[in-house]
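Peer 1: Encoded as structure tokens, here's the structure I'll be asking about.
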4 protein chains.
Amino acid sequence: MRILAHHPGVEVVLATSREYVGKPVHCVHFNLRGVYRDLKFSELSVDAVLKNCDAVFLALPHGVSLNYVPKFYETGLLVVDLSADFRLKDPGAYKAWYGFEHPYPDLLRKAVYGLPEIHRGELRGAKLVALPGCNATAAIISLIPVVKAGLVDTERILVDVKAGSSEAGSRLSPADHHPERSGCIRPYEASGHRHAAEVEQELSIVAGKSVRVSMVPHAVGSVRGVLASSHVWLLEDIEELDVLRLYASTYRNEPFVRIVYKAPPGAPDPKYVVGSNYVDVGFALEKRVMRLTAFAAIDNLVKGAAGQAVQAFNIAVGFEETTGLKTIPLKPV
Amino acid sequence: MRILAHHPGVEVVLATSREYVGKPVHCVHFNLRGVYRDLKFSELSVDAVLKNCDAVFLALPHGVSLNYVPKFYETGLLVVDLSADFRLKDPGAYKAWYGFEHPYPDLLRKAVYGLPEIHRGELRGAKLVALPGCNATAAIISLIPVVKAGLVDTERILVDVKAGSSEAGSRLSPADHHPERSGCIRPYEASGHRHAAEVEQELSIVAGKSVRVSMVPHAVGSVRGVLASSHVWLLEDIEELDVLRLYASTYRNEPFVRIVYKAPPGAPDPKYVVGSNYVDVGFALEKRVMRLTAFAAIDNLVKGAAGQAVQAFNIAVGFEETTGLKTIPLKPV
Amino acid sequence: MRILAHHPGVEVVLATSREYVGKPVHCVHFNLRGVYRDLKFSELSVDAVLKNCDAVFLALPHGVSLNYVPKFYETGLLVVDLSADFRLKDPGAYKAWYGFEHPYPDLLRKAVYGLPEIHRGELRGAKLVALPGCNATAAIISLIPVVKAGLVDTERILVDVKAGSSEAGSRLSPADHHPERSGCIRPYEASGHRHAAEVEQELSIVAGKSVRVSMVPHAVGSVRGVLASSHVWLLEDIEELDVLRLYASTYRNEPFVRIVYKAPPGAPDPKYVVGSNYVDVGFALEKRVMRLTAFAAIDNLVKGAAGQAVQAFNIAVGFEETTGLKTIPLKPV
Amino acid sequence: MRILAHHPGVEVVLATSREYVGKPVHCVHFNLRGVYRDLKFSELSVDAVLKNCDAVFLALPHGVSLNYVPKFYETGLLVVDLSADFRLKDPGAYKAWYGFEHPYPDLLRKAVYGLPEIHRGELRGAKLVALPGCNATAAIISLIPVVKAGLVDTERILVDVKAGSSEAGSRLSPADHHPERSGCIRPYEASGHRHAAEVEQELSIVAGKSVRVSMVPHAVGSVRGVLASSHVWLLEDIEELDVLRLYASTYRNEPFVRIVYKAPPGAPDPKYVVGSNYVDVGFALEKRVMRLTAFAAIDNLVKGAAGQAVQAFNIAVGFEETTGLKTIPLKPV
């Protein structure tokens, strides 16, 4: 809603909530005081949405979203779904990674995975966008150039993720209680992190063959930001400048990808994309051991969620892709 | 420069630096990558400024700025000076608070103290704006309503300030080395903090008589943000709702002042204005002891510096006051 | 339990909990792994305590503790109560500040307020110790010298407190959820903070007359530590060195009070007492406005709670006062 | 000096410094106020050390230490050297990793690498201890069990390190200026991190054959603490419980190694060893892709430096190994 407030092509007419029905939006998200003066949260009513909206953004929990998406989709509304419920193409993968039988396997085929860096063409005119997860976004974008070029061992891709506390959402938990979370460096879901499923799916498309990806996320003490450090093993010798050329040419026309190489800040750091839709990408090559690490830094709530949602929405509708998304990061922050 | 980048009435044509001459701006302020693509830092040349610019923002150290301001001012250029060199009207005050004899006492009279909440009228068409200090901005705005109403003992005003590390600037110092600064709660300049001079000057204008202000700043572990907790003693009994009415009526038409009362976040917290030009204002009344604390929270680098500079510039030039300043704060951040 | 683990005169034989009955202590407080290997939490049973213990530390919520204290007290057990339930001498004060009629007014008279810096003599042989609150501890210790000397206006004492998140305890709350609490500077209970009641009581003892104290606490983004900035108005002119002498002579023999004056760290900062029972005390004098600010920095969980409990216990039992409390703070931390 | 203050077998008689000659120790390290009352920093004089000391701890920069070590060593003094100057056995490795020809190749053979978990036997009676680096300590300890058991591909070991700001020392640098360092997640030395040299050396000893290790450190926003996430590829299928048994049996008798498995905190987190000499070790196994990640968390200034120095010293001299090192970590911190 922060991003849409200044979007010239959008009017926010409905905001729904289970918890805050009847409350002014700015009393819950008080950063929006002075911006949304009258809008109040209402209950989610499919009818009200259909009557008042041309597009809907769904930020529901995994497994809940799939109860609503079909209803909106079949009426021709543009649906941007931020949950995981329509990200995977293979219905069997839901059983394996999420533990349930997917009830709408046909809709999985119709959904477009909302990563413009891979699916920009399909996004144009799309009616159902399944938005990538934040860790997945960083992991995939870091690796597209080298995977596409066939440079790396696709059986042994290891993505070590570091993430701020906002990734865990606003639900209270002992692990995210300030005294426990502050200053932590704590691995979590270190075996079988679910985002690996979508990273494998997307990098397999990029590679033109099946790839395997293992992810190890870590909670750190910042609030916003994700850094993916994607460690891969090279199949053949390559020079650093050739890797740079690969990244530069892959992302030359991407409005939100910035290559970080040698010049400050030296390597991607999510601190310097906070609040923006940028993804900063870089790499380090250690030829001695034939190892390359690709880095991607995003704001998990912008390029990793709401910002990317608006970017995909802009493409789907036909707006200029960067509309509403030109916020420049703060420095320092 | 972040704020001016999207200002429709401004083109940044020159950026000067002693340290970074010849370097692209985005290599120093790398949050600006992708925004200022070609602009490089040049040496400060008065001639170049006069030839190319209609207005100049000076962010020079105290005591340095006054060497340049007269040169720009006499040519009719609009000068917005972020230093303390032209904030005080009384030349003697420079001797007392800053330890030097002010060489341009006549210019002190011509400078307008750049706080729109007090000097909006004088700012229109002004040619020399002396921008308030960050701690001073928060202190003054917190207290205007009760001082103007004559409610408080103006001999015993105590402003307890808490400030993030960006207030100290980019110069390295042991006190701001991360391991020492992180998590600190550290009083500094606890006797005779210089911002008290300008707060006394401005609140005396508001009160219509001489007031005395004592300030005690504390360094805390955040990066951006200042909270002024202005403790005052009431001269007469007053009800909480009457204080609220006073604040609401004083600031009703201020585009950047938001009153925080009971609704979340409950009290002003600079965390929720970071990146924006807002100043969140609130108060607490303890009738038992006839004490009132007025709070004001700002981003020290926006409403406390660059944002207020652009706001004052907008007024001086005749642009809509909020131009370029509509950034909505992030939550959480 | 961390402190008692290495206390040569203590064996921890029982640890009770409502929530964790049956769990090994080190599974809940996992910093204690390798220290308490076999001890498990049990339910609070008065009989079990009476049968197995010579002393009991109660860390129960306000209003709950008073149900247990009398039972332990009447059997002659030494009771160190960390709640507020026996801190105030005047039963009427419980009605005014805590909203309930105190059921044991006679016990209030028998309890010793567990601040050794004021009550060391009474603590010797005491059977019921009411441990001070953390904010109160810092406030009182900062002010004893000047209040005792009759230097300040005792009608207008204002204590501005800054506190880390551990002060709020381990109970989850939206305000202490990491994304919201991190980097905050947020006033809370800014009118009528309850600790003012005990500070008034104790400083009145020190002053030999009734004093009034107003407290304004602020939540900041650190985890441990409280800084009290106690702002007072001087009744007469005094030199800085005389204030220093006052502090030095008052605290000369206190094992845990360290005076901070000019030498690094320049002023008390709780960062540099974390983990220790020290209280660092300092002051700033601004003669121009006749204002003095006294500072005291403590670790709220040590000198503000468990450490002071052990210090009071040591005195009550007759152990050397510093036993178990010689931990040196870390730097940096 | 914090650790030695309470060590019953040690008296600190000399403390040297280039920068602080003549200053009381507690004015520089002000956490030591009240502990070292009279000791002042003196210039480093080899004669004074030889006359007054039985052992010396050297905390000098790499390349400086090697000028002093031989002088002390040849007189029979016990030398614990915290620099990298005597860690590597192969003189050629100094050329390759540190860029200089080592002038004392024979002393390299005599130095004992001060990691008790591998070299306890050799440390007994040792006269020259080369203390491991902090990142190396965490990396090696995390991997000993699986490397020794021959379970992993020793050509493709990747250690992803996350480290707090105290690792960079007290020297000021723009990268560690608080506003820039706070909340960062920033890769550094991502190709050819020097600690890899000693990790390869030590794990090769453990493996009984040459192993290759690549390290990628990341700066995060905490002050103390290092987490090594050591990613390895399994050569054969293995059950999680068998890996657990391997770790448990390897470290059963280690006084400072704690295995973290399932019980809270779930995985090693340096937050919960801060201030102590513990190293918390754990692992995650993802059989689907035959990947294992071994984690080790240390306080970089204790087990990663001064604490391990005292541990090695205790062993060398014949003191009980844990003397002076029983500090229990704080929780929360």
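As shown in the structure tokens, the chain order sets the letters A, B, ...; within each chain, residues go from 1, and ligands are also counted from 1 in the order they appear.
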Would you mind aligning chain A to chain C, a least-squares fit over all C-alpha atoms taken in order, and returning the superposed chain as a short mmCIF file (atom, residue, chain, number, x, y, z; two decimals) with C-alpha atoms, in the first residue's frame?
Peer 2:
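Output below, filename selection-v8.cif:
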```
data_model
loop_
_atom_site.label_atom_id
_atom_site.label_comp_id
_atom_site.auth_asym_id
_atom_site.auth_seq_id
_atom_site.Cartn_x
_atom_site.Cartn_y
_atom_site.Cartn_z
CA MET A 1 20.98 -18.96 38.27
CA ARG A 2 23.91 -17.85 36.11
CA ILE A 3 25.29 -15.87 39.04
CA LEU A 4 24.58 -18.52 41.66
CA ALA A 5 26.27 -21.26 39.61
CA HIS A 6 29.70 -20.08 40.70
CA HIS A 7 28.71 -18.77 44.15
CA PRO A 8 30.78 -20.77 46.65
CA GLY A 9 28.21 -20.45 49.43
CA VAL A 10 25.15 -21.49 47.46
CA GLU A 11 23.77 -24.66 46.03
CA VAL A 12 20.75 -24.32 43.78
CA VAL A 13 18.48 -27.19 44.75
CA LEU A 14 15.13 -26.11 43.35
CA ALA A 15 14.04 -24.08 40.34
CA THR A 16 10.34 -23.63 39.78
CA SER A 17 8.32 -22.56 36.80
CA ARG A 18 4.70 -22.59 35.70
CA GLU A 19 5.54 -23.01 32.05
CA TYR A 20 8.50 -25.36 31.98
CA VAL A 21 7.80 -28.00 34.63
CA GLY A 22 9.86 -31.10 33.94
CA LYS A 23 12.22 -29.49 31.50
CA PRO A 24 15.94 -29.36 32.22
CA VAL A 25 16.91 -25.82 33.15
CA HIS A 26 19.54 -25.75 30.40
CA CYS A 27 16.92 -26.45 27.74
CA VAL A 28 15.14 -23.24 28.62
CA HIS A 29 18.10 -21.08 29.55
CA PHE A 30 20.48 -22.67 27.08
CA ASN A 31 23.31 -20.38 28.07
CA LEU A 32 23.46 -22.70 31.10
CA ARG A 33 24.26 -25.83 29.05
CA GLY A 34 27.27 -27.47 30.57
CA VAL A 35 26.62 -25.75 33.89
CA TYR A 36 23.40 -27.10 35.37
CA ARG A 37 23.43 -30.59 33.92
CA ASP A 38 20.64 -32.34 35.84
CA LEU A 39 18.45 -29.69 37.44
CA LYS A 40 14.88 -29.61 36.11
CA PHE A 41 12.13 -27.09 36.63
CA SER A 42 9.51 -28.18 39.11
CA GLU A 43 6.18 -26.69 40.12
CA LEU A 44 6.29 -24.12 42.88
CA SER A 45 5.52 -26.07 46.05
CA VAL A 46 5.78 -24.21 49.33
CA ASP A 47 6.41 -27.48 51.13
CA ALA A 48 9.26 -28.47 48.86
CA VAL A 49 10.87 -25.09 49.35
CA LEU A 50 10.54 -25.23 53.12
CA LYS A 51 11.97 -28.71 53.23
CA ASN A 52 14.95 -28.12 50.96
CA CYS A 53 15.93 -24.46 51.11
CA ASP A 54 17.41 -21.89 53.44
CA ALA A 55 16.66 -19.00 51.13
CA VAL A 56 14.35 -18.35 48.22
CA PHE A 57 14.49 -15.84 45.38
CA LEU A 58 11.06 -14.95 44.06
CA ALA A 59 10.78 -13.63 40.51
CA LEU A 60 7.01 -13.59 40.22
CA PRO A 61 4.75 -10.97 38.65
CA HIS A 62 3.57 -8.01 40.71
CA GLY A 63 0.50 -9.04 42.68
CA VAL A 64 1.39 -12.73 42.57
CA SER A 65 4.42 -12.57 44.78
CA LEU A 66 2.45 -11.34 47.75
CA ASN A 67 0.57 -14.64 47.89
CA TYR A 68 3.78 -16.52 48.59
CA VAL A 69 5.99 -14.19 50.55
CA PRO A 70 4.07 -14.46 53.86
CA LYS A 71 4.17 -18.27 53.77
CA PHE A 72 7.91 -18.34 53.36
CA TYR A 73 8.55 -15.43 55.68
CA GLU A 74 6.72 -16.86 58.69
CA THR A 75 8.86 -20.01 58.64
CA GLY A 76 12.03 -17.99 58.99
CA LEU A 77 13.31 -18.59 55.47
CA LEU A 78 15.26 -15.75 53.90
CA VAL A 79 13.08 -14.30 51.17
CA VAL A 80 14.45 -12.09 48.40
CA ASP A 81 11.48 -10.84 46.43
CA LEU A 82 12.15 -9.28 43.05
CA SER A 83 8.58 -8.05 42.53
CA ALA A 84 7.21 -4.66 43.57
CA ASP A 85 4.90 -6.20 46.18
CA PHE A 86 6.88 -5.23 49.26
CA ARG A 87 8.88 -2.24 48.08
CA LEU A 88 6.60 0.52 49.31
CA LYS A 89 6.25 1.24 53.01
CA ASP A 90 2.95 3.10 52.78
CA PRO A 91 0.06 0.67 52.17
CA GLY A 92 -1.91 3.51 50.61
CA ALA A 93 0.72 3.85 47.92
CA TYR A 94 -0.24 0.43 46.56
CA LYS A 95 -3.76 1.67 46.03
CA ALA A 96 -2.51 4.82 44.32
CA TRP A 97 0.22 3.35 42.11
CA TYR A 98 -0.69 -0.30 41.65
CA GLY A 99 -4.45 -0.22 42.03
CA PHE A 100 -4.91 -2.75 44.82
CA GLU A 101 -5.36 -2.77 48.57
CA HIS A 102 -2.27 -4.34 50.08
CA PRO A 103 -3.29 -7.37 52.19
CA TYR A 104 -0.17 -7.44 54.39
CA PRO A 105 0.54 -3.89 55.59
CA ASP A 106 2.49 -5.21 58.59
CA LEU A 107 4.87 -7.13 56.34
CA LEU A 108 5.59 -3.94 54.44
CA ARG A 109 7.12 -2.58 57.60
CA LYS A 110 9.30 -5.64 58.04
CA ALA A 111 10.60 -5.76 54.49
CA VAL A 112 13.95 -4.11 53.80
CA TYR A 113 14.28 -2.23 50.51
CA GLY A 114 17.18 -4.09 48.98
CA LEU A 115 19.41 -1.24 47.90
CA PRO A 116 22.71 -1.71 49.76
CA GLU A 117 23.78 1.84 48.95
CA ILE A 118 21.05 3.05 51.36
CA HIS A 119 20.04 0.08 53.50
CA ARG A 120 23.19 -1.97 54.02
CA GLY A 121 22.83 -1.92 57.78
CA GLU A 122 19.24 -3.10 57.80
CA LEU A 123 20.01 -5.78 55.25
CA ARG A 124 22.34 -7.55 57.67
CA GLY A 125 20.31 -10.39 59.08
CA ALA A 126 17.18 -9.33 57.18
CA LYS A 127 14.60 -12.03 56.47
CA LEU A 128 12.54 -10.24 53.82
CA VAL A 129 14.23 -8.22 51.12
CA ALA A 130 12.11 -6.25 48.65
CA LEU A 131 14.38 -5.75 45.70
CA PRO A 132 14.27 -2.37 43.91
CA GLY A 133 13.10 -2.02 40.33
CA CYS A 134 15.75 -1.56 37.70
CA ASN A 135 14.81 1.97 36.63
CA ALA A 136 14.46 2.90 40.29
CA THR A 137 17.91 1.53 41.13
CA ALA A 138 19.56 3.68 38.50
CA ALA A 139 17.51 6.76 39.38
CA ILE A 140 18.15 6.57 43.12
CA ILE A 141 21.86 5.86 42.93
CA SER A 142 22.38 8.71 40.48
CA LEU A 143 20.80 11.20 42.87
CA ILE A 144 21.74 10.19 46.43
CA PRO A 145 24.75 12.55 46.74
CA VAL A 146 23.04 15.76 45.61
CA VAL A 147 19.74 15.04 47.33
CA LYS A 148 21.48 14.16 50.59
CA ALA A 149 23.50 17.38 50.38
CA GLY A 150 20.34 19.44 49.92
CA LEU A 151 21.61 20.99 46.70
CA VAL A 152 18.58 20.58 44.47
CA ASP A 153 14.96 21.59 44.11
CA THR A 154 13.27 18.44 45.39
CA GLU A 155 9.92 19.44 43.90
CA ARG A 156 11.16 19.21 40.33
CA ILE A 157 13.21 16.09 39.82
CA LEU A 158 12.84 14.61 36.36
CA VAL A 159 14.41 11.26 35.53
CA ASP A 160 14.62 10.49 31.83
CA VAL A 161 15.30 6.76 31.47
CA LYS A 162 16.53 4.83 28.40
CA ALA A 163 16.18 1.08 28.57
CA GLY A 164 16.99 -2.00 26.51
CA SER A 165 14.44 -4.60 25.50
CA SER A 166 15.28 -7.18 28.12
CA GLU A 167 13.60 -4.90 30.65
CA ALA A 168 10.24 -5.91 29.23
CA GLY A 169 10.85 -9.56 30.03
CA SER A 170 10.40 -12.66 27.94
CA ARG A 171 6.68 -12.27 27.35
CA LEU A 172 5.95 -11.70 23.65
CA SER A 173 4.37 -8.40 22.68
CA PRO A 174 3.98 -6.51 19.39
CA ALA A 175 6.02 -3.66 20.83
CA ASP A 176 8.96 -5.98 21.42
CA HIS A 177 8.72 -7.95 18.19
CA HIS A 178 12.17 -7.54 16.67
CA PRO A 179 11.19 -5.62 13.52
CA GLU A 180 9.28 -3.08 15.62
CA ARG A 181 11.64 -2.83 18.55
CA SER A 182 14.92 -2.74 16.64
CA GLY A 183 16.32 0.77 16.40
CA CYS A 184 13.36 2.35 18.17
CA ILE A 185 13.50 5.38 20.45
CA ARG A 186 10.08 5.19 22.00
CA PRO A 187 8.66 6.81 25.13
CA TYR A 188 6.44 4.59 27.26
CA GLU A 189 4.49 5.11 30.52
CA ALA A 190 5.53 8.73 30.18
CA SER A 191 2.98 9.79 32.78
CA GLY A 192 2.96 8.12 36.14
CA HIS A 193 5.66 5.48 35.69
CA ARG A 194 5.32 3.30 38.82
CA HIS A 195 8.98 3.24 39.72
CA ALA A 196 8.60 6.91 40.64
CA ALA A 197 6.81 5.78 43.82
CA GLU A 198 9.81 3.93 45.19
CA VAL A 199 12.25 6.58 44.02
CA GLU A 200 10.25 9.21 45.89
CA GLN A 201 10.15 6.99 49.00
CA GLU A 202 13.88 6.36 49.02
CA LEU A 203 15.02 9.85 48.09
CA SER A 204 12.71 11.23 50.77
CA ILE A 205 14.62 9.11 53.30
CA VAL A 206 17.87 10.43 51.90
CA ALA A 207 16.65 14.03 51.88
CA GLY A 208 15.00 13.87 55.26
CA LYS A 209 11.88 15.38 53.74
CA SER A 210 9.32 14.62 51.10
CA VAL A 211 10.60 14.84 47.51
CA ARG A 212 8.76 14.56 44.22
CA VAL A 213 10.06 12.63 41.28
CA SER A 214 8.72 12.30 37.79
CA MET A 215 10.05 9.59 35.46
CA VAL A 216 9.89 9.28 31.69
CA PRO A 217 11.20 5.97 30.36
CA HIS A 218 12.15 5.36 26.73
CA ALA A 219 12.59 2.04 24.95
CA VAL A 220 15.73 1.94 22.80
CA GLY A 221 17.12 -0.73 20.53
CA SER A 222 19.73 -2.34 22.79
CA VAL A 223 19.02 -5.54 24.70
CA ARG A 224 20.59 -4.98 28.11
CA GLY A 225 21.14 -1.80 30.00
CA VAL A 226 19.44 1.17 31.56
CA LEU A 227 20.67 4.73 31.67
CA ALA A 228 18.98 7.14 34.06
CA SER A 229 19.52 10.79 33.18
CA SER A 230 18.30 12.55 36.29
CA HIS A 231 17.71 16.23 35.60
CA VAL A 232 17.58 18.51 38.61
CA TRP A 233 17.66 22.24 39.26
CA LEU A 234 20.26 23.60 41.65
CA LEU A 235 19.25 25.73 44.61
CA GLU A 236 22.60 27.44 44.82
CA ASP A 237 25.74 27.90 42.79
CA ILE A 238 28.28 25.12 43.09
CA GLU A 239 31.57 24.24 41.39
CA GLU A 240 31.97 21.12 39.30
CA LEU A 241 34.82 19.84 41.47
CA ASP A 242 32.68 20.15 44.55
CA VAL A 243 30.03 18.02 42.94
CA LEU A 244 32.69 15.49 42.04
CA ARG A 245 33.91 15.43 45.63
CA LEU A 246 30.38 14.82 46.80
CA TYR A 247 29.96 11.81 44.53
CA ALA A 248 33.41 10.46 45.28
CA SER A 249 32.97 10.67 49.03
CA THR A 250 29.45 9.24 48.99
CA TYR A 251 30.47 6.20 47.01
CA ARG A 252 34.09 5.70 48.13
CA ASN A 253 33.39 2.41 49.87
CA GLU A 254 30.74 1.04 47.57
CA PRO A 255 32.13 -2.07 45.87
CA PHE A 256 29.97 -1.73 42.76
CA VAL A 257 29.72 2.02 42.19
CA ARG A 258 32.27 3.49 39.78
CA ILE A 259 32.47 7.24 39.26
CA VAL A 260 32.94 8.29 35.64
CA TYR A 261 34.45 11.72 35.29
CA LYS A 262 36.34 13.00 32.23
CA ALA A 263 38.44 9.86 31.74
CA PRO A 264 36.99 7.42 29.18
CA PRO A 265 34.20 6.52 28.66
CA GLY A 266 33.48 10.14 29.61
CA ALA A 267 30.02 9.46 30.90
CA PRO A 268 28.17 6.41 32.18
CA ASP A 269 27.02 4.12 29.38
CA PRO A 270 25.23 0.86 30.22
CA LYS A 271 27.06 -0.78 27.31
CA TYR A 272 30.13 -0.93 29.51
CA VAL A 273 28.54 -2.54 32.55
CA VAL A 274 26.67 -5.29 30.68
CA GLY A 275 26.96 -8.61 32.48
CA SER A 276 28.34 -7.04 35.65
CA ASN A 277 26.91 -5.71 38.89
CA TYR A 278 28.56 -2.32 38.46
CA VAL A 279 26.67 0.91 38.43
CA ASP A 280 28.57 3.67 36.67
CA VAL A 281 27.73 7.13 37.97
CA GLY A 282 28.51 10.56 36.58
CA PHE A 283 27.08 14.03 36.19
CA ALA A 284 27.03 17.14 34.02
CA LEU A 285 26.66 20.64 35.39
CA GLU A 286 25.37 23.57 33.34
CA LYS A 287 25.81 26.56 35.59
CA ARG A 288 24.39 28.99 33.04
CA VAL A 289 20.93 27.60 33.74
CA MET A 290 21.58 26.06 37.16
CA ARG A 291 20.88 22.59 35.89
CA LEU A 292 22.62 19.40 36.89
CA THR A 293 22.09 16.01 35.28
CA ALA A 294 23.16 12.95 37.22
CA PHE A 295 23.68 9.78 35.22
CA ALA A 296 23.65 6.17 36.33
CA ALA A 297 24.16 3.17 34.05
CA ILE A 298 23.38 -0.40 35.04
CA ASP A 299 22.72 -3.78 33.51
CA ASN A 300 19.00 -4.00 34.24
CA LEU A 301 19.22 -7.78 34.71
CA VAL A 302 22.23 -7.64 37.04
CA LYS A 303 22.47 -4.56 39.28
CA GLY A 304 18.86 -3.94 38.23
CA ALA A 305 17.68 -7.41 39.26
CA ALA A 306 19.52 -10.70 39.80
CA GLY A 307 22.91 -9.24 40.68
CA GLN A 308 21.50 -6.88 43.23
CA ALA A 309 19.43 -9.77 44.59
CA VAL A 310 22.61 -11.75 45.23
CA GLN A 311 24.34 -8.68 46.63
CA ALA A 312 21.49 -8.14 49.12
CA PHE A 313 21.42 -11.87 49.86
CA ASN A 314 25.15 -11.86 50.58
CA ILE A 315 24.73 -9.01 53.04
CA ALA A 316 21.70 -10.59 54.69
CA VAL A 317 23.43 -13.92 55.17
CA GLY A 318 26.82 -12.52 56.08
CA PHE A 319 28.81 -13.53 53.03
CA GLU A 320 31.39 -11.18 51.59
CA GLU A 321 29.22 -8.73 49.65
CA THR A 322 30.83 -9.27 46.25
CA THR A 323 30.72 -13.07 46.33
CA GLY A 324 29.66 -14.43 42.96
CA LEU A 325 29.51 -10.93 41.53
CA LYS A 326 33.02 -10.29 40.25
CA THR A 327 32.23 -10.67 36.56
CA ILE A 328 34.11 -8.06 34.57
CA PRO A 329 32.17 -6.41 31.73
CA LEU A 330 33.16 -7.15 28.14
CA LYS A 331 34.54 -4.46 25.86
CA PRO A 332 33.46 -4.15 23.16
CA VAL A 333 30.12 -5.89 23.39
#
```
Peer 1: Just list as a PyMOL selection string whatever in region 56-178 of chain C DSSP marks as helix (DSSP H, G or I).
Peer 2: chain C and resi 65-67+69-73+91-98+105-110+116-123+134-148+165-168+174-176+178
Peer 1: Just asking: which residues within region 220-281 of chain C are strand (DSSP E or B) according to DSSP, as JSON, numbers by chain?
Peer 2: {"C": [220, 226, 227, 228, 229, 230, 231, 232, 233, 234, 257, 258, 259, 279, 280, 281]}
